[in-house]
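J.: This one is entry09.cif, mmCIF, C-alpha atoms.
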data_entry
loop_
_atom_site.label_atom_id
_atom_site.label_comp_id
_atom_site.auth_asym_id
_atom_site.auth_seq_id
_atom_site.Cartn_x
_atom_site.Cartn_y
_atom_site.Cartn_z
CA MET A 184 45.04 8.96 71.61
CA LYS A 185 44.84 5.17 71.31
CA LYS A 186 42.28 5.00 74.12
CA LYS A 187 40.09 7.61 72.36
CA LYS A 188 40.22 5.59 69.12
CA GLU A 189 39.22 2.41 71.00
CA LEU A 190 36.35 4.26 72.67
CA ILE A 191 35.05 5.52 69.31
CA THR A 192 35.37 2.04 67.78
CA ASN A 193 33.57 0.43 70.73
CA ASN A 194 30.75 2.98 70.56
CA ILE A 195 30.23 2.35 66.85
CA GLU A 196 30.20 -1.41 67.34
CA ALA A 197 27.87 -1.18 70.35
CA SER A 198 25.41 1.12 68.60
CA SER A 199 25.12 -1.11 65.52
CA PRO A 200 26.00 -4.72 66.26
CA ASN A 201 24.69 -5.94 62.88
CA ARG A 202 26.58 -3.37 60.84
CA LEU A 203 28.68 -4.75 57.99
CA PHE A 204 31.82 -2.63 58.00
CA TRP A 205 33.15 -4.14 54.78
CA LEU A 206 29.90 -3.00 53.12
CA ASP A 207 30.34 0.54 54.48
CA ASN A 208 33.91 0.58 53.17
CA ALA A 209 32.81 -0.69 49.76
CA LYS A 210 30.15 2.05 49.57
CA ALA A 211 32.75 4.66 50.55
CA PHE A 212 35.01 3.34 47.79
CA GLY A 213 32.06 3.58 45.36
CA ILE A 214 31.37 7.19 46.36
CA ILE A 215 35.01 8.09 45.82
CA ALA A 216 34.90 6.34 42.43
CA ILE A 217 31.83 8.36 41.42
CA ILE A 218 33.50 11.62 42.41
CA TRP A 219 36.71 10.63 40.61
CA GLY A 220 34.75 9.51 37.54
CA HIS A 221 32.86 12.79 37.29
CA LEU A 222 36.10 14.71 37.79
CA ALA A 223 37.78 12.68 35.04
CA GLU A 224 34.76 13.25 32.78
CA ASN A 225 35.01 17.01 33.24
CA ILE A 226 38.75 16.95 32.58
CA LEU A 227 38.09 14.91 29.42
CA LYS A 228 35.58 17.54 28.27
CA ASN A 229 38.47 20.00 28.31
CA TYR A 230 40.27 17.79 25.79
CA ILE A 231 42.83 16.41 28.20
CA SER A 232 42.98 12.79 27.09
CA ASP A 233 45.35 11.61 29.83
CA VAL A 234 42.38 10.62 31.99
CA HIS A 235 40.52 8.70 29.29
CA LEU A 236 41.49 5.26 30.61
CA GLN A 237 40.64 6.24 34.18
CA TYR A 238 37.27 7.52 33.03
CA LYS A 239 36.49 4.32 31.09
CA PHE A 240 37.66 2.11 33.96
CA ILE A 241 35.67 3.90 36.68
CA TYR A 242 32.50 4.11 34.58
CA SER A 243 32.73 0.36 33.94
CA PHE A 244 31.99 -0.50 37.57
CA HIS A 245 30.95 2.37 39.85
CA ILE A 246 27.17 2.22 39.41
CA PRO A 247 26.99 -1.59 39.11
CA LEU A 248 28.93 -1.69 42.37
CA PHE A 249 26.13 0.19 44.13
CA PHE A 250 23.48 -2.10 42.64
CA ILE A 251 25.37 -5.17 43.83
CA LEU A 252 25.91 -3.73 47.31
CA SER A 253 22.26 -2.69 47.55
CA GLY A 254 21.13 -6.12 46.41
CA TYR A 255 23.23 -7.70 49.14
CA ILE A 256 21.13 -6.08 51.85
CA ALA A 257 17.81 -5.80 49.97
CA LYS A 258 14.85 -7.37 51.69
CA GLN A 259 12.91 -10.07 49.91
CA PRO A 260 9.93 -8.55 48.08
CA GLY A 261 6.42 -9.70 48.91
CA SER A 262 4.49 -11.98 46.59
CA ASN A 263 1.79 -9.52 45.46
CA ILE A 264 2.94 -8.14 42.10
CA HIS A 265 0.15 -5.54 41.91
CA SER A 266 0.98 -3.85 45.21
CA PHE A 267 4.71 -4.06 44.46
CA ILE A 268 4.36 -2.40 41.05
CA LYS A 269 1.98 0.21 42.46
CA GLU A 270 4.42 1.12 45.24
CA LYS A 271 7.42 1.27 42.91
CA PHE A 272 5.46 3.20 40.28
CA MET A 273 4.50 5.83 42.85
CA THR A 274 8.04 6.19 44.21
CA ARG A 275 10.02 5.87 40.96
CA ILE A 276 7.94 6.66 37.87
CA ILE A 277 5.76 9.46 39.27
CA PRO A 278 8.85 11.50 40.29
CA ILE A 279 10.25 11.02 36.76
CA MET A 280 6.98 12.30 35.30
CA PHE A 281 6.84 15.21 37.76
CA PHE A 282 10.39 16.39 37.04
CA THR A 283 9.91 15.90 33.30
CA ILE A 284 6.80 18.08 33.34
CA LEU A 285 8.66 20.60 35.47
CA ILE A 286 11.61 20.84 33.06
CA LEU A 287 9.67 20.55 29.78
CA PRO A 288 8.87 24.29 29.41
CA PHE A 289 12.61 25.07 29.70
CA TYR A 290 13.39 22.40 27.14
CA LEU A 291 10.86 23.96 24.74
CA MET A 292 12.19 27.48 25.40
CA LYS A 293 15.71 26.28 24.64
CA ASP A 294 14.48 24.92 21.28
CA LYS A 295 12.71 28.18 20.52
CA VAL A 296 15.78 30.26 21.33
CA THR A 297 18.42 28.06 19.69
CA GLN A 298 16.47 26.88 16.62
CA GLY A 299 13.86 29.60 16.20
CA SER A 300 10.97 27.13 16.54
CA ILE A 301 9.82 24.08 18.42
CA ASP A 302 10.39 20.86 16.49
CA LEU A 303 7.28 18.80 17.28
CA ASN A 304 8.65 15.70 15.54
CA ARG A 305 11.73 15.75 17.78
CA LEU A 306 9.53 16.38 20.81
CA PHE A 307 7.45 13.32 19.91
CA ASP A 308 10.54 11.18 19.27
CA ASN A 309 12.06 12.21 22.60
CA SER A 310 8.76 11.41 24.32
CA LEU A 311 9.04 7.87 22.95
CA PHE A 312 12.44 7.58 24.60
CA LEU A 313 10.70 8.28 27.92
CA ILE A 314 8.51 5.22 27.44
CA ARG A 315 11.67 3.16 27.00
CA GLY A 316 13.07 4.56 30.27
CA ILE A 317 15.52 7.01 28.72
CA SER A 318 15.17 10.44 30.31
CA ILE A 319 15.90 12.78 27.39
CA PHE A 320 14.18 15.84 28.86
CA ASN A 321 15.64 15.46 32.33
CA PRO A 322 18.76 13.27 32.31
CA LEU A 323 19.12 13.50 36.09
CA THR A 324 16.21 11.07 36.52
CA TRP A 325 17.94 8.19 34.69
CA PHE A 326 18.68 6.53 38.00
CA LEU A 327 15.01 6.23 38.94
CA SER A 328 14.06 4.40 35.74
CA CYS A 329 17.08 2.13 36.09
CA LEU A 330 16.21 1.43 39.73
CA PHE A 331 12.61 0.62 38.78
CA SER A 332 13.82 -1.94 36.22
CA VAL A 333 16.27 -3.56 38.64
CA GLU A 334 13.62 -3.75 41.36
CA LEU A 335 11.26 -5.53 38.97
CA ILE A 336 14.00 -8.01 38.09
CA HIS A 337 14.67 -8.53 41.80
CA PHE A 338 10.97 -9.13 42.40
CA PHE A 339 10.71 -11.85 39.77
CA LEU A 340 14.03 -13.51 40.61
CA GLY A 341 13.44 -13.23 44.36
CA ASN A 342 10.02 -14.87 44.24
CA ARG A 343 11.20 -17.75 42.09
CA GLY A 344 14.00 -18.71 44.48
CA LEU A 345 16.74 -18.16 41.88
#
Kindly transcribe the structure held in the file into structure tokens.

T.:
Amino acid sequence: MKKKKELITNNIEASSPNRLFWLDNAKAFGIIAIIWGHLAENILKNYISDVHLQYKFIYSFHIPLFFILSGYIAKQPGSNIHSFIKEKFMTRIIPIMFFTILILPFYLMKDKVTQGSIDLNRLFDNSLFLIRGISIFNPLTWFLSCLFSVELIHFFLGNRGL
């Protein structure tokens, strides 16, 4: 058994000599924290307040942990701001727009069914949230707008040598 474990360990180390195992372990911890946080959130929704402190604690660090770990291995951005913004816009903002357009008819149907009409003022107000990077229509895309903002910060800090 011990020999098999050594063989597996040696194969992993040989196949990726530059691998940072502490980073892999930290990411695994982050994934477990995300799962635990979502589980605690769902328990809290059922009015079981025993997990409230766990929920608050986990949500205080689990996503920032991934940003920090990603920043540790992020490559230095180039110096051309126009090509950088164009690339990030295409890979971050366009998907947000696509999924928002895809979900918008369902959002409008929900308004029609639950309220009897479509509130155009609320639709306009929620559209303004989109400009600010808050995904009201499709909350699952929040990560893309956040990532876009962090990548811009990284670009400006990275090119100034800070």

J.: Please enumerate the residues selected by the PyMOL selection byres ((chain A and resi 317-323) around 9) when evaluated against the supplied file, formatted as a list in words.

T.: Ile279, Phe282, Thr283, Ile284, Ile286, Leu287, Tyr290, Asn309, Ser310, Leu311, Phe312, Leu313, Ile314, Arg315, Gly316, Thr324, Trp325, Phe326, Leu327, Ser328 and Cys329 of chain A

J.: Would you mind reading off the distance between atom CA of A:Gln237 and atom CA of A:Leu206, one decimal, in Å?

T.: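 Rounded to one decimal, the two atoms are 23.7 Å apart.
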
J.: Measuring between all atoms listed in the file, which one of A:Ala216, A:Met280, A:Leu335, A:Val296 shows the shortest distance to A:Leu248?

T.: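 Of A:Ala216, A:Met280, A:Leu335, A:Val296, the one nearest A:Leu248 is A:Ala216, counting all atoms listed in the file.
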
J.: How many Å separate atom CA of A:Phe240 from atom CA of A:Gly220?

T.: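 Interatomic distance here is 8.7 Å.
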
J.: Find the residues near A:Tyr238: any atom within 12 Å, counting all atoms listed in the file, skip ones fewer than 6 places away on the same chain, and give them as number ranges by chain.

T.: A: 216-228, 231-232, 244-245

J.: With C-alpha atoms retained, write the just-selected residues as a PDB file, in the frame of the given file.

T.:
ATOM      1  CA  ALA A 216      34.900   6.340  42.430  1.00  0.00           C
ATOM      2  CA  ILE A 217      31.830   8.360  41.420  1.00  0.00           C
ATOM      3  CA  ILE A 218      33.500  11.620  42.410  1.00  0.00           C
ATOM      4  CA  TRP A 219      36.710  10.630  40.610  1.00  0.00           C
ATOM      5  CA  GLY A 220      34.750   9.510  37.540  1.00  0.00           C
ATOM      6  CA  HIS A 221      32.860  12.790  37.290  1.00  0.00           C
ATOM      7  CA  LEU A 222      36.100  14.710  37.790  1.00  0.00           C
ATOM      8  CA  ALA A 223      37.780  12.680  35.040  1.00  0.00           C
ATOM      9  CA  GLU A 224      34.760  13.250  32.780  1.00  0.00           C
ATOM     10  CA  ASN A 225      35.010  17.010  33.240  1.00  0.00           C
ATOM     11  CA  ILE A 226      38.750  16.950  32.580  1.00  0.00           C
ATOM     12  CA  LEU A 227      38.090  14.910  29.420  1.00  0.00           C
ATOM     13  CA  LYS A 228      35.580  17.540  28.270  1.00  0.00           C
ATOM     14  CA  ILE A 231      42.830  16.410  28.200  1.00  0.00           C
ATOM     15  CA  SER A 232      42.980  12.790  27.090  1.00  0.00           C
ATOM     16  CA  PHE A 244      31.990  -0.500  37.570  1.00  0.00           C
ATOM     17  CA  HIS A 245      30.950   2.370  39.850  1.00  0.00           C
TER      18      HIS A 245
END

J.: What's the 12 Å shell around A:Val333, counting only C-alpha atoms, without same-chain residues fewer than 2 positions away, as a count of residues only?

T.: 22

J.: Using Å and a single decimal, report how far atom CA of A:Lys258 sits from atom CA of A:Ala211.

T.: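 So the two atoms, atom CA of A:Ala211 and atom CA of A:Lys258, lie 21.6 Å apart.
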
J.: Measuring atom to atom with only C-alpha atoms, identify which of A:Gln298, A:Ile256, A:His235, A:Ile246 is nearest to A:Asp207.

T.: A:Ile256

J.: With only C-alpha atoms as the basis for distance, which of A:Leu252, A:Glu334, A:Lys210, A:Asn229 is at the shortest distance from A:Thr274?

T.: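 Between A:Leu252, A:Glu334, A:Lys210, A:Asn229, the residue approaching A:Thr274 most closely is A:Glu334.
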
J.: Rank nothing, just name the residue among A:Gln259, A:Trp205, A:Ile301, A:Ile214 nearest to A:Pro288, using all atoms listed in the file.

T.: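 Ranking A:Gln259, A:Trp205, A:Ile301, A:Ile214 by distance to A:Pro288, first place goes to A:Ile301.
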
J.: Since the input lacks some atoms of stretch 259-295 of chain A, please model N, CA and C atoms and print them as a CSV table (one decimal), keeping the file's coordinate frame.

T.:
chain,number,residue,atom,x,y,z
A,259,GLN,N,13.6,-9.3,50.9
A,259,GLN,CA,12.9,-10.1,49.9
A,259,GLN,C,11.6,-9.4,49.6
A,260,PRO,N,11.2,-9.2,48.4
A,260,PRO,CA,9.9,-8.6,48.1
A,260,PRO,C,8.8,-9.5,48.4
A,261,GLY,N,7.6,-8.9,48.7
A,261,GLY,CA,6.4,-9.7,48.9
A,261,GLY,C,6.0,-10.5,47.6
A,262,SER,N,4.9,-11.2,47.7
A,262,SER,CA,4.5,-12.0,46.6
A,262,SER,C,3.4,-11.3,45.7
A,263,ASN,N,2.9,-10.2,46.2
A,263,ASN,CA,1.8,-9.5,45.5
A,263,ASN,C,2.4,-8.5,44.4
A,264,ILE,N,2.3,-8.9,43.2
A,264,ILE,CA,2.9,-8.1,42.1
A,264,ILE,C,2.2,-6.8,41.9
A,265,HIS,N,0.9,-6.8,42.1
A,265,HIS,CA,0.2,-5.5,41.9
A,265,HIS,C,0.5,-4.5,42.9
A,266,SER,N,0.6,-4.8,44.2
A,266,SER,CA,1.0,-3.8,45.2
A,266,SER,C,2.5,-3.4,45.1
A,267,PHE,N,3.3,-4.4,44.7
A,267,PHE,CA,4.7,-4.1,44.5
A,267,PHE,C,4.9,-3.0,43.3
A,268,ILE,N,4.2,-3.3,42.2
A,268,ILE,CA,4.4,-2.4,41.0
A,268,ILE,C,3.7,-1.0,41.4
A,269,LYS,N,2.6,-1.1,42.1
A,269,LYS,CA,2.0,0.2,42.5
A,269,LYS,C,2.9,1.0,43.3
A,270,GLU,N,3.5,0.4,44.3
A,270,GLU,CA,4.4,1.1,45.2
A,270,GLU,C,5.6,1.7,44.5
A,271,LYS,N,6.2,0.8,43.6
A,271,LYS,CA,7.4,1.3,42.9
A,271,LYS,C,7.1,2.3,41.9
A,272,PHE,N,5.9,2.2,41.3
A,272,PHE,CA,5.5,3.2,40.3
A,272,PHE,C,5.3,4.6,41.0
A,273,MET,N,4.7,4.6,42.1
A,273,MET,CA,4.5,5.8,42.8
A,273,MET,C,5.8,6.5,43.3
A,274,THR,N,6.8,5.6,43.7
A,274,THR,CA,8.0,6.2,44.2
A,274,THR,C,9.2,6.3,43.2
A,275,ARG,N,9.0,5.8,42.0
A,275,ARG,CA,10.0,5.9,41.0
A,275,ARG,C,9.5,6.6,39.7
A,276,ILE,N,8.4,6.1,39.2
A,276,ILE,CA,7.9,6.7,37.9
A,276,ILE,C,7.2,8.0,38.0
A,277,ILE,N,6.4,8.2,39.0
A,277,ILE,CA,5.8,9.5,39.3
A,277,ILE,C,6.8,10.6,39.4
A,278,PRO,N,7.8,10.4,40.2
A,278,PRO,CA,8.8,11.5,40.3
A,278,PRO,C,9.5,11.8,38.9
A,279,ILE,N,9.7,10.8,38.1
A,279,ILE,CA,10.2,11.0,36.8
A,279,ILE,C,9.3,11.9,36.0
A,280,MET,N,8.0,11.5,36.0
A,280,MET,CA,7.0,12.3,35.3
A,280,MET,C,6.9,13.7,35.8
A,281,PHE,N,6.9,13.9,37.1
A,281,PHE,CA,6.8,15.2,37.8
A,281,PHE,C,8.0,16.1,37.3
A,282,PHE,N,9.2,15.6,37.4
A,282,PHE,CA,10.4,16.4,37.0
A,282,PHE,C,10.5,16.6,35.5
A,283,THR,N,10.0,15.7,34.7
A,283,THR,CA,9.9,15.9,33.3
A,283,THR,C,8.9,17.0,33.0
A,284,ILE,N,7.8,17.0,33.6
A,284,ILE,CA,6.8,18.1,33.3
A,284,ILE,C,7.3,19.4,33.8
A,285,LEU,N,8.1,19.4,34.9
A,285,LEU,CA,8.7,20.6,35.5
A,285,LEU,C,9.7,21.2,34.5
A,286,ILE,N,10.5,20.4,33.9
A,286,ILE,CA,11.6,20.8,33.1
A,286,ILE,C,11.2,21.1,31.6
A,287,LEU,N,10.1,20.5,31.2
A,287,LEU,CA,9.7,20.6,29.8
A,287,LEU,C,9.5,22.0,29.2
A,288,PRO,N,8.9,22.9,30.0
A,288,PRO,CA,8.9,24.3,29.4
A,288,PRO,C,10.3,24.9,29.1
A,289,PHE,N,11.3,24.6,29.9
A,289,PHE,CA,12.6,25.1,29.7
A,289,PHE,C,13.2,24.4,28.5
A,290,TYR,N,12.9,23.1,28.3
A,290,TYR,CA,13.4,22.4,27.1
A,290,TYR,C,12.8,23.0,25.9
A,291,LEU,N,11.5,23.3,25.9
A,291,LEU,CA,10.9,24.0,24.7
A,291,LEU,C,11.4,25.4,24.5
A,292,MET,N,11.6,26.1,25.6
A,292,MET,CA,12.2,27.5,25.4
A,292,MET,C,13.6,27.4,24.8
A,293,LYS,N,14.4,26.4,25.2
A,293,LYS,CA,15.7,26.3,24.6
A,293,LYS,C,15.6,26.0,23.1
A,294,ASP,N,14.7,25.2,22.7
A,294,ASP,CA,14.5,24.9,21.3
A,294,ASP,C,14.1,26.2,20.6
A,295,LYS,N,13.2,26.9,21.2
A,295,LYS,CA,12.7,28.2,20.5
A,295,LYS,C,13.8,29.2,20.4
